[in-house]
There are 2 protein chains.
Amino acid sequence: MSLLPPQIQKTIEEFSKLPGIGMKSAERLTFHLLRSSKASPETLGKALADLRTQLNYCKHCQMVTLQEECAICADTSRDHATILVVENPLDVIAFERSGFKGVYHVLHGVLSPIDGMGPEQLKLRELIERCKKGEVKEVIVATNPDIEGEATASYIQRQLSDAVPSITRLAHGLPMGADIEFADQVTLKEAVEGRRKL
Amino acid sequence: MSLLPPQIQKTIEEFSKLPGIGMKSAERLTFHLLRSSKASPETLGKALADLRTQLNYCKHCQMVTLQEECAICADTSRDHATILVVENPLDVIAFERSGFKGVYHVLHGVLSPIDGMGPEQLKLRELIERCKKGEVKEVIVATNPDIEGEATASYIQRQLSDAVPSITRLAHGLPMGADIEFADQVTLKEAVEGRRKL
């Protein structure tokens, strides 16, 4: 690879550190940026250099924001006694689209010993402190329905059981538009167990 | 999406302009960079900002280089009468690994009217000028075996037929390690037509 100028090699190397981008994709992205009329390496470079500048985490919910407090936590018309706990900021945006009217808490990850993510790496201490103030009526744990997400949900349940009257988990079942024929057995079992009266 | 700070939105937008990266992947990459211990937005940002600085194209073969002339063209021990024409700089690296001892010409693309790539957008004029000096004995056209690559090869053949004694195309056939059962019909037809004496 020494035939390529060092700045090209460096860009390929940095791209290949990203999830889902192997060496070949990194090469393709780098040469695309060199030639493309739509994307430019300078614009993307500038955006990345600015990414962490002025970036704050909301003092209540840990959502990314430019202020000390995010727009959701600052909104007094929302239900501040119901906290929906999510893994990352994109989950907040997904729930906002769904019309949720409580507030959030962003963990910035899930428990995953294999990736070096223990309770101290997550924003769990902040969640426990928020709940200990005694104003929280319900904590809805909305981590993903996978091994790490389930482990994190149990951990939160154990930590908060004394401080919060109600700790709930999102319903499991068939997603809208799903085809029962292709649904996995665990989802079908959960869908039957969680059935509701019509 | 207005819940996300502008620098995050900008980074997502710029990532999503890259080939093979949709909105969801762009979001995932951006938040990965915010948290990752391995990759950092500043390092990738710096690499991208530097990508085009001091970057030159070899005055003979148009390969990316830091000098006026690339290491391959400057090497007098190579066969400068045989030019292998490729689509992009990564192809040069692939052929170098294969042990090719002639020189190259990088087109920086292929003819593709749908993407706005005509003969003037490629480094074709430079190839024709190189060949008109009369020192070139063979031009091997090594564009990819697809529609655009074949069209570009025919175009080059027509343009150079008077200037170069021999214009050839890479052999088509089965790649090493292939399984005949799964080979497509065009490849098998070409493999039979191009058969060689044992």
# chains A, B, ... in the order shown; residues from 1 in each chain; ligands from 1
>>> interface_residues(of="chain A", to="chain B", cutoff="8 Å", atoms="only C-alpha atoms", output="PyMOL selection string")
chain A and resi 1+3-5+7-8+10-11+14-15+17-19+27+29+32-34+38-39+41-52+55+64-66+71+90+93
>>> write_last_selection(atoms="N, CA and C atoms", output="JSON list (two decimals), in the first residue's frame")
[["chain", "number", "residue", "atom", "x", "y", "z"],
["A", 1, "MET", "N", 0.83, -1.22, 0.00],
["A", 1, "MET", "CA", 0.00, 0.00, 0.00],
["A", 1, "MET", "C", 0.86, 1.27, 0.00],
["A", 3, "LEU", "N", 2.33, 2.63, -2.14],
["A", 3, "LEU", "CA", 2.19, 3.41, -3.37],
["A", 3, "LEU", "C", 1.23, 4.57, -3.19],
["A", 4, "LEU", "N", 0.37, 4.48, -2.19],
["A", 4, "LEU", "CA", -0.60, 5.56, -1.98],
["A", 4, "LEU", "C", -0.02, 6.63, -1.08],
["A", 5, "PRO", "N", -0.28, 7.91, -1.39],
["A", 5, "PRO", "CA", 0.20, 8.99, -0.52],
["A", 5, "PRO", "C", -0.31, 8.83, 0.91],
["A", 7, "GLN", "N", -1.66, 10.72, 3.22],
["A", 7, "GLN", "CA", -2.97, 11.24, 3.66],
["A", 7, "GLN", "C", -4.11, 10.34, 3.19],
["A", 8, "ILE", "N", -3.92, 9.67, 2.05],
["A", 8, "ILE", "CA", -4.95, 8.74, 1.57],
["A", 8, "ILE", "C", -4.95, 7.50, 2.46],
["A", 10, "LYS", "N", -4.01, 7.30, 5.53],
["A", 10, "LYS", "CA", -4.52, 7.67, 6.86],
["A", 10, "LYS", "C", -6.05, 7.71, 6.84],
["A", 11, "THR", "N", -6.63, 8.30, 5.79],
["A", 11, "THR", "CA", -8.10, 8.38, 5.71],
["A", 11, "THR", "C", -8.70, 6.98, 5.61],
["A", 14, "GLU", "N", -8.58, 5.38, 9.07],
["A", 14, "GLU", "CA", -9.55, 5.92, 10.02],
["A", 14, "GLU", "C", -10.97, 5.46, 9.67],
["A", 15, "PHE", "N", -11.31, 5.45, 8.37],
["A", 15, "PHE", "CA", -12.63, 4.96, 7.97],
["A", 15, "PHE", "C", -12.82, 3.51, 8.38],
["A", 17, "LYS", "N", -11.88, 1.97, 10.86],
["A", 17, "LYS", "CA", -12.12, 1.76, 12.29],
["A", 17, "LYS", "C", -13.60, 1.84, 12.62],
["A", 18, "LEU", "N", -14.42, 2.32, 11.68],
["A", 18, "LEU", "CA", -15.84, 2.50, 11.95],
["A", 18, "LEU", "C", -16.60, 1.18, 11.82],
["A", 19, "PRO", "N", -17.69, 1.01, 12.57],
["A", 19, "PRO", "CA", -18.42, -0.26, 12.52],
["A", 19, "PRO", "C", -19.05, -0.49, 11.15],
["A", 27, "GLU", "N", -11.52, 2.09, 1.42],
["A", 27, "GLU", "CA", -10.82, 2.54, 0.20],
["A", 27, "GLU", "C", -11.81, 3.20, -0.75],
["A", 29, "LEU", "N", -14.75, 4.58, -0.09],
["A", 29, "LEU", "CA", -15.23, 5.86, 0.42],
["A", 29, "LEU", "C", -14.20, 6.96, 0.20],
["A", 32, "HIS", "N", -13.99, 7.86, -3.39],
["A", 32, "HIS", "CA", -15.23, 8.53, -3.78],
["A", 32, "HIS", "C", -15.16, 10.01, -3.38],
["A", 33, "LEU", "N", -14.68, 10.26, -2.15],
["A", 33, "LEU", "CA", -14.59, 11.65, -1.67],
["A", 33, "LEU", "C", -13.61, 12.48, -2.50],
["A", 34, "LEU", "N", -12.56, 11.83, -3.02],
["A", 34, "LEU", "CA", -11.58, 12.56, -3.82],
["A", 34, "LEU", "C", -12.18, 13.06, -5.13],
["A", 38, "LYS", "N", -20.70, 15.70, -5.17],
["A", 38, "LYS", "CA", -21.75, 15.88, -4.18],
["A", 38, "LYS", "C", -21.17, 15.99, -2.76],
["A", 39, "ALA", "N", -20.29, 15.03, -2.43],
["A", 39, "ALA", "CA", -19.68, 15.03, -1.10],
["A", 39, "ALA", "C", -18.25, 15.57, -1.23],
["A", 41, "PRO", "N", -14.41, 15.96, 0.92],
["A", 41, "PRO", "CA", -13.70, 15.57, 2.15],
["A", 41, "PRO", "C", -13.56, 16.73, 3.12],
["A", 42, "GLU", "N", -13.46, 17.96, 2.59],
["A", 42, "GLU", "CA", -13.30, 19.12, 3.47],
["A", 42, "GLU", "C", -14.57, 19.37, 4.29],
["A", 43, "THR", "N", -15.74, 19.25, 3.66],
["A", 43, "THR", "CA", -17.00, 19.50, 4.38],
["A", 43, "THR", "C", -17.22, 18.44, 5.46],
["A", 44, "LEU", "N", -17.02, 17.18, 5.10],
["A", 44, "LEU", "CA", -17.18, 16.11, 6.09],
["A", 44, "LEU", "C", -16.13, 16.26, 7.19],
["A", 45, "GLY", "N", -14.91, 16.61, 6.80],
["A", 45, "GLY", "CA", -13.82, 16.81, 7.76],
["A", 45, "GLY", "C", -14.15, 17.90, 8.76],
["A", 46, "LYS", "N", -14.71, 19.01, 8.25],
["A", 46, "LYS", "CA", -15.09, 20.13, 9.11],
["A", 46, "LYS", "C", -16.20, 19.71, 10.07],
["A", 47, "ALA", "N", -17.20, 19.00, 9.55],
["A", 47, "ALA", "CA", -18.32, 18.56, 10.38],
["A", 47, "ALA", "C", -17.83, 17.67, 11.52],
["A", 48, "LEU", "N", -16.88, 16.77, 11.20],
["A", 48, "LEU", "CA", -16.34, 15.86, 12.21],
["A", 48, "LEU", "C", -15.50, 16.60, 13.24],
["A", 49, "ALA", "N", -14.72, 17.59, 12.76],
["A", 49, "ALA", "CA", -13.88, 18.36, 13.68],
["A", 49, "ALA", "C", -14.75, 19.14, 14.67],
["A", 50, "ASP", "N", -15.94, 19.57, 14.20],
["A", 50, "ASP", "CA", -16.84, 20.37, 15.05],
["A", 50, "ASP", "C", -17.75, 19.51, 15.92],
["A", 51, "LEU", "N", -17.74, 18.18, 15.66],
["A", 51, "LEU", "CA", -18.76, 17.31, 16.26],
["A", 51, "LEU", "C", -18.84, 17.46, 17.78],
["A", 52, "ARG", "N", -17.67, 17.46, 18.43],
["A", 52, "ARG", "CA", -17.71, 17.47, 19.89],
["A", 52, "ARG", "C", -17.61, 18.88, 20.49],
["A", 55, "LEU", "N", -20.65, 20.62, 22.49],
["A", 55, "LEU", "CA", -21.67, 19.60, 22.72],
["A", 55, "LEU", "C", -21.81, 19.35, 24.21],
["A", 64, "VAL", "N", -28.04, 14.60, 24.16],
["A", 64, "VAL", "CA", -27.11, 15.56, 23.55],
["A", 64, "VAL", "C", -27.84, 16.88, 23.33],
["A", 65, "THR", "N", -27.20, 17.97, 23.63],
["A", 65, "THR", "CA", -27.83, 19.29, 23.50],
["A", 65, "THR", "C", -26.75, 20.36, 23.44],
["A", 66, "LEU", "N", -27.13, 21.59, 23.11],
["A", 66, "LEU", "CA", -26.16, 22.68, 23.14],
["A", 66, "LEU", "C", -26.24, 23.44, 24.45],
["A", 71, "ALA", "N", -34.37, 20.57, 25.32],
["A", 71, "ALA", "CA", -35.68, 21.16, 25.05],
["A", 71, "ALA", "C", -36.80, 20.36, 25.71],
["A", 90, "LEU", "N", -30.69, 8.55, 19.60],
["A", 90, "LEU", "CA", -31.56, 8.29, 18.45],
["A", 90, "LEU", "C", -32.87, 7.64, 18.88],
["A", 93, "ILE", "N", -35.39, 10.29, 19.68],
["A", 93, "ILE", "CA", -36.03, 10.83, 18.48],
["A", 93, "ILE", "C", -37.12, 9.89, 17.98]]
>>> residues_around(residues="range 177-180 of chain B", least_positions_apart="6", cutoff="12 Å", atoms="only C-alpha atoms", output="list of chain:residue names")
B:Thr187, B:Leu188, B:Lys189, B:Ala191, B:Val192
>>> write_last_selection(atoms="N, CA, C and O atoms", output="CSV table (one decimal), in the first residue's frame")
chain,number,residue,atom,x,y,z
B,187,THR,N,-19.6,-15.9,-18.5
B,187,THR,CA,-18.2,-16.3,-18.1
B,187,THR,C,-17.8,-17.6,-18.7
B,187,THR,O,-16.7,-17.8,-19.2
B,188,LEU,N,-18.7,-18.6,-18.6
B,188,LEU,CA,-18.4,-19.9,-19.1
B,188,LEU,C,-18.2,-19.9,-20.7
B,188,LEU,O,-17.2,-20.5,-21.2
B,189,LYS,N,-19.0,-19.1,-21.4
B,189,LYS,CA,-18.9,-19.0,-22.8
B,189,LYS,C,-17.5,-18.4,-23.1
B,189,LYS,O,-16.7,-18.9,-24.0
B,191,ALA,N,-14.9,-18.4,-21.2
B,191,ALA,CA,-13.8,-19.4,-20.8
B,191,ALA,C,-13.6,-20.4,-21.9
B,191,ALA,O,-12.4,-20.8,-22.1
B,192,VAL,N,-14.6,-20.9,-22.5
B,192,VAL,CA,-14.5,-21.9,-23.6
B,192,VAL,C,-13.8,-21.2,-24.8
B,192,VAL,O,-12.9,-21.7,-25.4
>>> select_by_dssp(residues="range 41-111 of chain A", states="helix (DSSP H, G or I)", output="PyMOL selection string")
chain A and resi 41-50+71-74+89-97
>>> residues_around(residues="range 122-126 of chain B", least_positions_apart="2", cutoff="6 Å", atoms="only C-alpha atoms", output="list in words")
Leu107, His108, Pro119, Glu120, Ile128 and Glu129 of chain B
>>> select_by_dssp(residues="range 27-171 of chain A", states="strand (DSSP E or B)", output="PyMOL selection string")
chain A and resi 56-57+64-65+79-86+102-106+112+117+138-141+166-169
>>> atom_distance(atom1="CA of Ser77 in chain A", atom2="CA of Lys101 in chain A")
8.8 Å
